[in-house]
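Colleague: Contents of entry-v1.cif (mmCIF, C-alpha atoms):
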```
data_coords
loop_
_atom_site.label_atom_id
_atom_site.label_comp_id
_atom_site.auth_asym_id
_atom_site.auth_seq_id
_atom_site.Cartn_x
_atom_site.Cartn_y
_atom_site.Cartn_z
CA MET Q 1 16.52 -13.29 -18.55
CA ALA Q 2 16.89 -17.03 -18.63
CA LEU Q 3 19.16 -18.43 -15.98
CA ASN Q 4 20.98 -21.68 -16.61
CA VAL Q 5 22.40 -24.16 -14.16
CA GLY Q 6 25.77 -22.87 -12.98
CA ASP Q 7 24.94 -19.17 -13.41
CA LYS Q 8 25.65 -16.88 -10.49
CA VAL Q 9 23.32 -14.28 -9.00
CA ILE Q 10 24.35 -11.77 -6.34
CA PHE Q 11 22.07 -11.56 -3.30
CA LYS Q 12 22.53 -8.21 -1.57
CA VAL Q 13 21.11 -9.06 1.82
CA PHE Q 14 20.14 -6.65 4.59
CA ARG Q 15 22.03 -7.59 7.77
CA TYR Q 16 21.45 -6.19 11.22
CA ASP Q 17 22.02 -7.75 14.60
CA PRO Q 18 20.89 -5.29 17.28
CA ASP Q 19 23.22 -6.90 19.84
CA LYS Q 20 26.34 -6.47 17.71
CA ASP Q 21 25.88 -3.95 14.91
CA LYS Q 22 25.67 -0.20 15.34
CA ALA Q 23 23.65 0.15 12.14
CA PRO Q 24 22.32 -2.11 9.42
CA TYR Q 25 24.45 -2.95 6.41
CA TYR Q 26 24.22 -4.98 3.23
CA LYS Q 27 26.25 -8.09 2.59
CA ASP Q 28 26.75 -9.61 -0.86
CA TYR Q 29 26.43 -13.35 -1.34
CA GLU Q 30 26.96 -15.28 -4.55
CA VAL Q 31 24.19 -17.75 -5.18
CA THR Q 32 24.77 -20.49 -7.73
CA ILE Q 33 21.80 -21.65 -9.76
CA THR Q 34 21.75 -25.41 -9.16
CA ARG Q 35 18.52 -26.20 -11.00
CA LYS Q 36 15.93 -24.55 -13.21
CA GLY Q 37 13.19 -22.53 -11.53
CA MET Q 38 14.98 -21.74 -8.29
CA MET Q 39 13.02 -19.54 -5.92
CA VAL Q 40 14.52 -16.68 -3.91
CA LEU Q 41 13.98 -18.78 -0.78
CA ASP Q 42 16.12 -21.56 -2.30
CA GLY Q 43 18.87 -18.98 -2.74
CA LEU Q 44 18.56 -17.85 0.88
CA ASN Q 45 18.68 -21.48 2.03
CA GLN Q 46 21.83 -21.99 -0.03
CA ILE Q 47 23.43 -19.00 1.72
CA LYS Q 48 22.36 -20.17 5.17
CA TRP Q 49 23.32 -23.82 4.69
CA GLU Q 50 26.51 -23.45 2.70
CA GLN Q 51 27.96 -19.97 3.22
CA ASP Q 52 26.84 -18.07 6.30
CA PRO Q 53 24.79 -19.76 9.04
CA SER Q 54 24.48 -16.46 10.90
CA LEU Q 55 21.86 -15.13 8.42
CA SER Q 56 18.37 -15.05 9.93
CA TYR Q 57 15.09 -15.22 8.04
CA ARG Q 58 11.72 -16.88 8.57
CA ARG Q 59 10.53 -19.79 6.47
CA SER Q 60 8.36 -22.81 6.90
CA CYS Q 61 6.22 -24.44 4.24
CA ARG Q 62 8.15 -23.09 1.20
CA GLU Q 63 5.00 -23.17 -0.94
CA GLY Q 64 3.16 -19.91 -0.27
CA VAL Q 65 0.76 -21.13 2.40
CA CYS Q 66 2.30 -20.35 5.78
CA GLY Q 67 3.10 -16.69 5.10
CA SER Q 68 6.36 -16.70 7.07
CA ASP Q 69 8.75 -15.40 4.49
CA GLY Q 70 7.36 -12.01 3.46
CA LEU Q 71 10.36 -10.00 2.21
CA ASN Q 72 11.12 -6.91 0.19
CA ILE Q 73 12.92 -8.09 -2.94
CA ASN Q 74 14.18 -5.47 -5.40
CA GLY Q 75 11.79 -2.94 -3.88
CA MET Q 76 8.67 -5.11 -4.04
CA ASN Q 77 7.10 -7.08 -1.23
CA THR Q 78 6.43 -10.74 -1.80
CA VAL Q 79 6.91 -14.11 -0.19
CA SER Q 80 10.33 -15.40 -1.24
CA CYS Q 81 9.10 -18.98 -1.74
CA MET Q 82 6.75 -17.86 -4.53
CA SER Q 83 9.15 -15.68 -6.50
CA HIS Q 84 11.43 -17.14 -9.14
CA ILE Q 85 14.94 -15.71 -9.13
CA GLU Q 86 14.85 -15.35 -12.91
CA ASP Q 87 11.60 -13.37 -12.91
CA TYR Q 88 13.51 -10.37 -11.51
CA ASN Q 89 15.57 -10.14 -14.74
CA SER Q 90 18.55 -8.96 -12.76
CA ASP Q 91 21.99 -10.18 -11.74
CA VAL Q 92 21.58 -8.55 -8.34
CA LEU Q 93 18.70 -9.10 -5.94
CA VAL Q 94 18.44 -6.60 -3.09
CA ILE Q 95 16.74 -8.42 -0.23
CA LYS Q 96 15.37 -6.38 2.64
CA PRO Q 97 12.96 -7.15 5.47
CA LEU Q 98 9.38 -5.87 5.14
CA PRO Q 99 9.28 -2.06 5.18
CA GLY Q 100 7.74 -0.29 8.14
CA PHE Q 101 7.97 -3.22 10.57
CA PRO Q 102 10.42 -3.17 13.51
CA ILE Q 103 13.41 -5.47 13.09
CA VAL Q 104 14.32 -8.40 15.30
CA LYS Q 105 17.40 -9.54 13.36
CA ASP Q 106 18.44 -9.47 9.71
CA LEU Q 107 15.32 -10.31 7.68
CA VAL Q 108 13.15 -11.17 10.68
CA CYS Q 109 10.55 -8.54 11.58
CA ASP Q 110 8.43 -8.05 14.68
CA PHE Q 111 4.84 -8.99 13.76
CA ASP Q 112 3.25 -8.33 17.19
CA ASP Q 113 1.55 -5.11 16.15
CA PHE Q 114 0.44 -6.63 12.84
CA PHE Q 115 -1.22 -9.61 14.56
CA ASN Q 116 -2.78 -7.50 17.32
CA LYS Q 117 -4.48 -5.50 14.60
CA TYR Q 118 -5.62 -8.72 12.94
CA TYR Q 119 -7.15 -9.98 16.22
CA ALA Q 120 -8.77 -6.56 16.75
CA VAL Q 121 -11.22 -7.12 13.87
CA LYS Q 122 -12.52 -10.38 15.44
CA PRO Q 123 -11.42 -12.71 12.64
CA TYR Q 124 -13.63 -15.61 13.66
CA LEU Q 125 -17.25 -16.69 13.22
CA ILE Q 126 -19.55 -14.85 15.64
CA GLU Q 127 -22.82 -16.69 16.30
CA LYS Q 128 -25.91 -15.25 17.95
CA THR Q 129 -28.49 -17.95 17.11
CA PRO Q 130 -28.14 -21.51 18.47
CA PRO Q 131 -26.31 -23.77 16.03
CA PRO Q 132 -28.46 -26.03 13.81
CA ALA Q 133 -28.46 -29.79 14.35
CA ARG Q 134 -25.91 -30.26 11.57
CA GLU Q 135 -23.42 -27.69 10.21
CA ARG Q 136 -24.25 -24.12 9.15
CA LEU Q 137 -24.99 -24.41 5.46
CA GLN Q 138 -24.13 -21.88 2.80
CA SER Q 139 -25.25 -21.72 -0.82
CA VAL Q 140 -22.70 -22.02 -3.58
CA GLU Q 141 -23.39 -18.40 -4.60
CA ASP Q 142 -22.87 -17.07 -1.08
CA ARG Q 143 -19.68 -19.07 -0.76
CA ALA Q 144 -18.44 -17.58 -4.04
CA LYS Q 145 -18.70 -14.09 -2.51
CA LEU Q 146 -15.78 -14.99 -0.25
CA ASP Q 147 -13.43 -15.73 -3.14
CA GLY Q 148 -10.60 -13.24 -3.06
CA LEU Q 149 -11.09 -12.60 0.66
CA TYR Q 150 -10.45 -15.88 2.48
CA GLU Q 151 -7.12 -16.76 0.85
CA CYS Q 152 -5.05 -14.30 2.94
CA ILE Q 153 -2.00 -16.00 4.47
CA LEU Q 154 -1.09 -13.09 6.80
CA CYS Q 155 2.36 -12.64 5.32
CA GLY Q 156 2.25 -8.89 6.03
CA CYS Q 157 3.27 -7.87 2.51
CA CYS Q 158 0.27 -5.56 1.96
CA SER Q 159 0.28 -3.76 5.31
CA SER Q 160 4.02 -3.33 5.13
CA ALA Q 161 3.76 -1.78 1.63
CA CYS Q 162 1.15 0.76 2.74
CA PRO Q 163 2.34 4.36 3.34
CA SER Q 164 -0.79 5.02 5.44
CA TYR Q 165 0.24 2.08 7.65
CA TRP Q 166 3.73 3.56 8.10
CA ALA Q 167 2.36 7.01 8.89
CA ASP Q 168 -0.44 6.06 11.27
CA PRO Q 169 0.63 3.62 14.02
CA ASP Q 170 -3.03 2.96 14.86
CA TYR Q 171 -4.14 2.15 11.30
CA LEU Q 172 -5.43 -1.42 11.14
CA GLY Q 173 -3.92 -1.86 7.70
CA PRO Q 174 -5.06 -3.65 4.54
CA SER Q 175 -4.46 -7.14 5.89
CA ALA Q 176 -6.65 -6.77 8.99
CA LEU Q 177 -9.32 -5.07 6.88
CA ILE Q 178 -9.45 -7.75 4.17
CA ASN Q 179 -9.87 -10.29 6.98
CA ALA Q 180 -12.66 -8.17 8.48
CA ALA Q 181 -14.34 -8.17 5.05
CA ARG Q 182 -13.95 -11.96 4.84
CA PHE Q 183 -16.33 -12.30 7.84
CA VAL Q 184 -18.59 -9.30 7.16
CA PHE Q 185 -19.56 -10.78 3.78
CA ASP Q 186 -19.93 -14.32 5.10
CA THR Q 187 -23.65 -15.17 5.25
CA ARG Q 188 -23.08 -17.56 8.20
CA ASP Q 189 -21.58 -14.84 10.37
CA GLU Q 190 -23.86 -12.84 12.69
CA GLY Q 191 -21.38 -10.36 14.09
CA SER Q 192 -21.00 -8.12 11.09
CA ASP Q 193 -22.62 -5.11 12.83
CA GLU Q 194 -20.10 -5.04 15.66
CA ARG Q 195 -17.28 -5.72 13.23
CA LEU Q 196 -18.39 -2.85 10.97
CA ASP Q 197 -18.55 -0.59 14.05
CA LEU Q 198 -14.94 -1.52 14.78
CA VAL Q 199 -13.69 -0.62 11.33
CA ASN Q 200 -15.86 2.50 10.91
CA ASN Q 201 -13.28 4.99 12.11
CA ILE Q 202 -10.39 7.13 10.94
CA HIS Q 203 -7.82 4.49 11.90
CA ALA Q 204 -9.57 1.81 9.88
CA VAL Q 205 -11.41 1.88 6.54
CA TRP Q 206 -11.38 5.68 6.25
CA ARG Q 207 -7.57 5.82 6.52
CA CYS Q 208 -7.17 4.15 3.11
CA HIS Q 209 -5.91 6.69 0.58
CA THR Q 210 -6.12 4.26 -2.36
CA ILE Q 211 -2.39 4.30 -2.98
CA LEU Q 212 -2.83 0.76 -4.35
CA ASN Q 213 0.50 -0.55 -3.00
CA CYS Q 214 -1.36 -3.41 -1.28
CA ILE Q 215 -2.67 -4.73 -4.60
CA HIS Q 216 0.81 -4.40 -6.05
CA ALA Q 217 2.32 -6.31 -3.12
CA CYS Q 218 -0.07 -9.19 -2.44
CA PRO Q 219 1.63 -12.48 -3.41
CA LYS Q 220 -1.72 -14.32 -3.30
CA GLU Q 221 -3.14 -11.90 -5.87
CA LEU Q 222 -5.87 -10.61 -3.56
CA ASN Q 223 -7.22 -7.08 -3.62
CA PRO Q 224 -7.24 -5.39 -0.19
CA THR Q 225 -8.10 -1.97 -1.67
CA LYS Q 226 -11.25 -3.45 -3.16
CA ALA Q 227 -12.11 -5.16 0.13
CA ILE Q 228 -11.73 -1.85 2.00
CA GLY Q 229 -13.99 -0.22 -0.61
CA MET Q 230 -16.58 -2.99 -0.05
CA LEU Q 231 -16.47 -2.32 3.71
CA GLN Q 232 -16.87 1.43 3.16
CA LYS Q 233 -19.86 0.80 0.89
CA GLU Q 234 -21.40 -1.62 3.40
CA ILE Q 235 -21.01 0.90 6.25
CA LEU Q 236 -22.74 3.59 4.18
CA LYS Q 237 -25.46 1.17 3.05
CA ARG Q 238 -26.36 0.24 6.62
CA LYS Q 239 -26.38 3.87 7.74
CA PHE Q 240 -28.57 5.31 4.99
CA MET N 241 24.16 1.01 19.86
CA ASP N 242 20.55 0.57 20.73
CA TRP N 243 19.27 3.46 18.66
CA TYR N 244 18.00 1.16 15.98
CA ARG N 245 16.24 -1.49 18.03
CA GLY N 246 12.56 -1.74 17.38
CA ARG N 247 12.48 0.99 14.80
CA PRO N 248 11.16 0.50 11.31
CA HIS N 249 14.38 0.19 9.35
CA HIS N 250 13.16 1.52 6.05
CA ILE N 251 9.97 2.86 4.61
CA GLN N 252 10.36 2.57 0.89
CA TYR N 253 8.39 0.84 -1.75
CA LYS N 254 8.73 0.58 -5.49
CA TRP N 255 6.98 3.50 -7.19
CA HIS N 256 4.07 2.71 -9.44
CA GLU N 257 1.10 4.54 -10.97
CA GLY N 258 -1.16 4.47 -7.92
CA PHE N 259 1.57 5.77 -5.63
CA VAL N 260 2.52 8.60 -8.00
CA ALA N 261 -1.15 9.57 -8.42
CA TRP N 262 -1.54 9.72 -4.64
CA LEU N 263 1.70 11.68 -4.19
CA LEU N 264 0.56 14.29 -6.74
CA HIS N 265 -2.84 14.39 -5.03
CA ARG N 266 -1.13 15.26 -1.73
CA ILE N 267 1.13 17.90 -3.31
CA THR N 268 -1.72 19.57 -5.22
CA GLY N 269 -3.84 19.49 -2.05
CA LEU N 270 -1.15 21.34 -0.11
CA LEU N 271 -0.72 23.85 -2.95
CA LEU N 272 -4.48 24.49 -2.97
CA ILE N 273 -4.42 25.20 0.78
CA LEU N 274 -1.49 27.57 0.25
CA TYR N 275 -3.38 29.28 -2.57
CA LEU N 276 -6.49 29.60 -0.41
CA PHE N 277 -4.55 31.51 2.27
CA LEU N 278 -2.91 33.78 -0.34
CA HIS N 279 -6.31 34.38 -1.91
CA GLU N 280 -7.89 35.33 1.44
CA TRP N 281 -4.96 37.57 2.22
CA VAL N 282 -5.27 39.46 -1.10
CA ILE N 283 -9.01 39.86 -0.60
CA ALA N 284 -8.40 41.17 2.93
CA THR N 285 -6.24 43.98 1.52
CA LEU N 286 -9.02 45.25 -0.78
CA GLN N 287 -10.42 47.70 1.74
CA ASN N 288 -10.98 50.74 -0.50
CA PRO N 289 -11.20 51.65 -4.24
CA THR N 290 -7.54 52.73 -4.40
CA SER N 291 -6.15 49.50 -2.99
CA PHE N 292 -8.56 47.56 -5.21
CA THR N 293 -7.30 49.31 -8.37
CA LYS N 294 -3.70 48.82 -7.28
CA ALA N 295 -4.16 45.12 -6.56
CA MET N 296 -5.99 44.56 -9.84
CA ALA N 297 -3.20 46.32 -11.76
CA THR N 298 -0.67 43.91 -10.24
CA LEU N 299 -2.85 40.92 -11.01
CA GLU N 300 -3.14 41.98 -14.68
CA ASN N 301 0.56 41.23 -15.05
CA PRO N 302 1.15 38.26 -17.45
CA LEU N 303 3.10 36.50 -14.69
CA PHE N 304 -0.08 36.25 -12.63
CA LYS N 305 -2.00 35.07 -15.69
CA LEU N 306 0.54 32.28 -16.04
CA LEU N 307 0.21 31.48 -12.34
CA GLU N 308 -3.54 31.31 -12.92
CA ILE N 309 -2.93 28.54 -15.45
CA GLY N 310 -0.79 26.87 -12.79
CA LEU N 311 -3.73 27.12 -10.40
CA TRP N 312 -5.94 25.50 -13.03
CA LEU N 313 -3.36 22.70 -13.38
CA VAL N 314 -3.33 22.04 -9.65
CA ALA N 315 -7.10 22.36 -9.17
CA SER N 316 -8.06 20.23 -12.17
CA TYR N 317 -5.62 17.46 -11.17
CA HIS N 318 -6.88 17.42 -7.59
CA ALA N 319 -10.52 17.38 -8.70
CA ILE N 320 -10.15 14.68 -11.34
CA ASN N 321 -7.94 12.44 -9.22
CA GLY N 322 -10.45 12.91 -6.41
CA LEU N 323 -13.13 11.50 -8.70
CA ARG N 324 -10.84 8.54 -9.42
CA VAL N 325 -10.47 7.88 -5.70
CA VAL N 326 -14.27 7.93 -5.31
CA LEU N 327 -14.57 5.43 -8.17
CA VAL N 328 -11.88 3.21 -6.61
CA ASN N 329 -13.76 3.12 -3.31
CA PHE N 330 -17.31 2.87 -4.55
CA ALA N 331 -17.32 1.70 -8.15
CA GLY N 332 -14.60 -0.94 -8.31
CA ALA N 333 -12.06 1.07 -10.32
CA ALA N 334 -9.26 -0.94 -8.71
CA GLU N 335 -9.74 -4.47 -9.94
CA ARG N 336 -6.50 -6.43 -10.00
CA ASP N 337 -6.28 -6.61 -13.77
CA ASN N 338 -6.73 -2.89 -14.44
CA TYR N 339 -5.75 -0.91 -11.36
CA GLN N 340 -2.65 0.59 -12.96
CA GLY N 341 -4.28 1.10 -16.36
CA ASN N 342 -7.15 3.00 -14.73
CA VAL N 343 -4.69 5.54 -13.36
CA TRP N 344 -3.44 6.14 -16.91
CA ILE N 345 -7.01 6.58 -18.15
CA PHE N 346 -7.51 9.26 -15.51
CA TRP N 347 -4.24 10.93 -16.39
CA VAL N 348 -5.39 11.15 -20.02
CA ILE N 349 -8.76 12.59 -18.96
CA PHE N 350 -6.91 15.06 -16.75
CA ALA N 351 -4.60 16.09 -19.62
CA ILE N 352 -7.58 16.68 -21.94
CA VAL N 353 -9.49 18.72 -19.34
CA PHE N 354 -6.41 20.72 -18.42
CA VAL N 355 -5.44 21.54 -22.00
CA ALA N 356 -9.04 22.40 -22.94
CA GLY N 357 -9.15 24.88 -20.07
CA ALA N 358 -5.63 26.21 -20.49
CA ILE N 359 -5.92 27.16 -24.19
CA PRO N 360 -8.51 29.96 -23.67
CA MET N 361 -6.52 31.15 -20.67
CA LEU N 362 -3.33 31.32 -22.75
CA LEU N 363 -5.16 33.20 -25.54
CA HIS N 364 -6.22 35.90 -23.06
CA LEU N 365 -2.79 36.25 -21.52
#
```
Can you give me the file's structure in the form of structure tokens?
Modeller:
Amino acid sequence: MALNVGDKVIFKVFRYDPDKDKAPYYKDYEVTITRKGMMVLDGLNQIKWEQDPSLSYRRSCREGVCGSDGLNINGMNTVSCMSHIEDYNSDVLVIKPLPGFPIVKDLVCDFDDFFNKYYAVKPYLIEKTPPPARERLQSVEDRAKLDGLYECILCGCCSSACPSYWADPDYLGPSALINAARFVFDTRDEGSDERLDLVNNIHAVWRCHTILNCIHACPKELNPTKAIGMLQKEILKRKF
Amino acid sequence: MDWYRGRPHHIQYKWHEGFVAWLLHRITGLLLILYLFLHEWVIATLQNPTSFTKAMATLENPLFKLLEIGLWLVASYHAINGLRVVLVNFAGAAERDNYQGNVWIFWVIFAIVFVAGAIPMLLHL
């Protein structure tokens, strides 16, 4: 569906203010297309700036790097700054906060648990040997192994799409696990054994039921299911 | 007023092939457990020749033959989808460009295996 300048699209936005509202509700806003290629975030900004300043949502870089604006748009998780309004081929966009996360207000979710799980996998370089005189070098081939792992922006779209993550409050989730894989498969890192010990339990890699929602959700086109599979294989390889 | 604070507001996601395959895997798994208990219970009643003959007479009923095909449906789906899950974890059957298509491939394999097994069962109804 091609949208032209002047067309209207309805944004059905999830509203909930815990201090005022008894229960969440949806409010319709009419967004006017003011230029070609408008993103969903542009539509939300238009609502906030011109129609209803009480709407809350997170945003920052508006170019898919900061990972602030993970939202559930027409049933699918994505970051709103990277999704074109016209790609949804619909006159109505239903905009909800990320599923499975507690709500702070409107589209703003509580990410505490999500980030605690991220920190739990030690997402930083662990060194055991003294550093060399210059930097730690890595071959081009070894560096290429990290493609598809390091690009995660921690937007929460994958973990929030995962039914195992909803069902098990202790499950680390696809996002924490892809970040664990990013360091486990880094040749410069020397802490992969302790990191693999951390993820080798029922609330980590073995909780994945390969529902594939995380692949479906990731706006950076990464593959958390595959990363979890790589971790499972690595754990088995080191054991046997 | 505070009942909603801090709670996950909704747990829904758009359905797609991987999710449906997993949902069916769960349902067939539960049905297999149910069947296992029924199976054990029937076996436990076969304490003497009379009860054995009686139970076998009931099980010769075409209804039970049809249920047997149902059991084959459930068991073959669970087994074949289980193989898919193993391939996803250990053989890269979930690359970004084919993760949904792979589910369809497995559904086709499942349909072939199921039909191939169900035809002889139907002929001996």
Colleague: Can you tell me how far CA of Leu154 (chain Q) sits from CA of Ser175 (chain Q), in Å to one decimal?
Modeller: 6.9 Å
Colleague: With a cut-off of 12 Å and counting all atoms listed in the file, select all residues of chain N in contact with chain Q and give the selection as number ranges by chain.
Modeller: N: 241-266, 321-340, 342-343
Colleague: Find the spatial neighbours of region 274-276 of chain N, counting only C-alpha atoms, within a cut-off of 12 Å - ignore same-chain residues fewer than 3 positions away - and output them as a VMD selection string.
Modeller: chain N and resid 267 to 271 279 to 283 307 to 308 310 to 312 314 to 315
Colleague: Could you save those same residues with C-alpha atoms as a PDB file, in the coordinates of the input?
Modeller:
```
ATOM      1  CA  ILE N 267       1.130  17.900  -3.310  1.00  0.00           C
ATOM      2  CA  THR N 268      -1.720  19.570  -5.220  1.00  0.00           C
ATOM      3  CA  GLY N 269      -3.840  19.490  -2.050  1.00  0.00           C
ATOM      4  CA  LEU N 270      -1.150  21.340  -0.110  1.00  0.00           C
ATOM      5  CA  LEU N 271      -0.720  23.850  -2.950  1.00  0.00           C
ATOM      6  CA  HIS N 279      -6.310  34.380  -1.910  1.00  0.00           C
ATOM      7  CA  GLU N 280      -7.890  35.330   1.440  1.00  0.00           C
ATOM      8  CA  TRP N 281      -4.960  37.570   2.220  1.00  0.00           C
ATOM      9  CA  VAL N 282      -5.270  39.460  -1.100  1.00  0.00           C
ATOM     10  CA  ILE N 283      -9.010  39.860  -0.600  1.00  0.00           C
ATOM     11  CA  LEU N 307       0.210  31.480 -12.340  1.00  0.00           C
ATOM     12  CA  GLU N 308      -3.540  31.310 -12.920  1.00  0.00           C
ATOM     13  CA  GLY N 310      -0.790  26.870 -12.790  1.00  0.00           C
ATOM     14  CA  LEU N 311      -3.730  27.120 -10.400  1.00  0.00           C
ATOM     15  CA  TRP N 312      -5.940  25.500 -13.030  1.00  0.00           C
ATOM     16  CA  VAL N 314      -3.330  22.040  -9.650  1.00  0.00           C
ATOM     17  CA  ALA N 315      -7.100  22.360  -9.170  1.00  0.00           C
TER      18      ALA N 315
END
```
Colleague: Excluding region 82-85 of chain Q and its own-chain neighbours fewer than 6 positions away, which residues fall within 7 Å of it when counting only C-alpha atoms? Please give them as a ChimeraX atom specification.
Modeller: /Q:37-40,63-64
Colleague: Please list as an MDAnalysis selection string every residue within 7 Å of Leu313 (chain N), counting only C-alpha atoms and excluding residues in the same chain fewer than 4 positions away.
Modeller: chainID N and resid 309 317 354
Colleague: Since we have the selection now, will you write its residues out, keeping C-alpha atoms, as a short mmCIF file (atom, residue, chain, number, x, y, z; two decimals), in the frame of the given file?
Modeller:
```
data_model
loop_
_atom_site.label_atom_id
_atom_site.label_comp_id
_atom_site.auth_asym_id
_atom_site.auth_seq_id
_atom_site.Cartn_x
_atom_site.Cartn_y
_atom_site.Cartn_z
CA ILE N 309 -2.93 28.54 -15.45
CA TYR N 317 -5.62 17.46 -11.17
CA PHE N 354 -6.41 20.72 -18.42
#
```
Colleague: Please expand the PyMOL selection byres ((chain Q and resi 199) around 12) into the concrete residues it hits in this file, giving the result as a VMD selection string.
Modeller: chain Q and resid 117 to 118 120 to 122 170 to 174 176 to 181 184 192 to 198 200 to 208 228 to 232 234 to 235
Colleague: Using only C-alpha atoms, find the one residue out of Q:Leu107, Q:Val140, Q:Val9, Q:Cys214 that sits nearest to Ser159 (chain Q).
Modeller: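 Among the listed residues, Q:Cys214 lies closest to Ser159 (chain Q).
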Colleague: Expand the PyMOL selection byres ((chain N and resi 295-299) around 12) into the individual residues it matches in the shown file, reporting them as a list in words.
Modeller: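 Listing what the PyMOL selection byres ((chain N and resi 295-299) around 12) selects in the shown file: His279, Trp281, Val282, Ile283, Ala284, Thr285, Leu286, Gln287, Asn288, Pro289, Thr290, Ser291, Phe292, Thr293, Lys294, Glu300, Asn301, Pro302, Leu303, Phe304, Lys305, Leu306, Leu307, Glu308 and Leu365 of chain N.
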Colleague: Any idea what's packed within 6 Å of region 13-15 of chain Q, counting only C-alpha atoms, ignoring anything in its chain fewer than 6 positions away? Could you give it as a PyMOL selection string?
Modeller: chain Q and resi 24-27+95-96+106
Colleague: Please compute the CA of Asp91 (chain Q)-CA of Gly43 (chain Q) distance, one decimal, in Å.
Modeller: 13.0 Å
Colleague: Could you please determine the separation between CA of Asp186 (chain Q) and CA of Phe240 (chain Q) in Å, to one decimal place?
Modeller: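 That distance, rounded to one decimal, is 21.4 Å.
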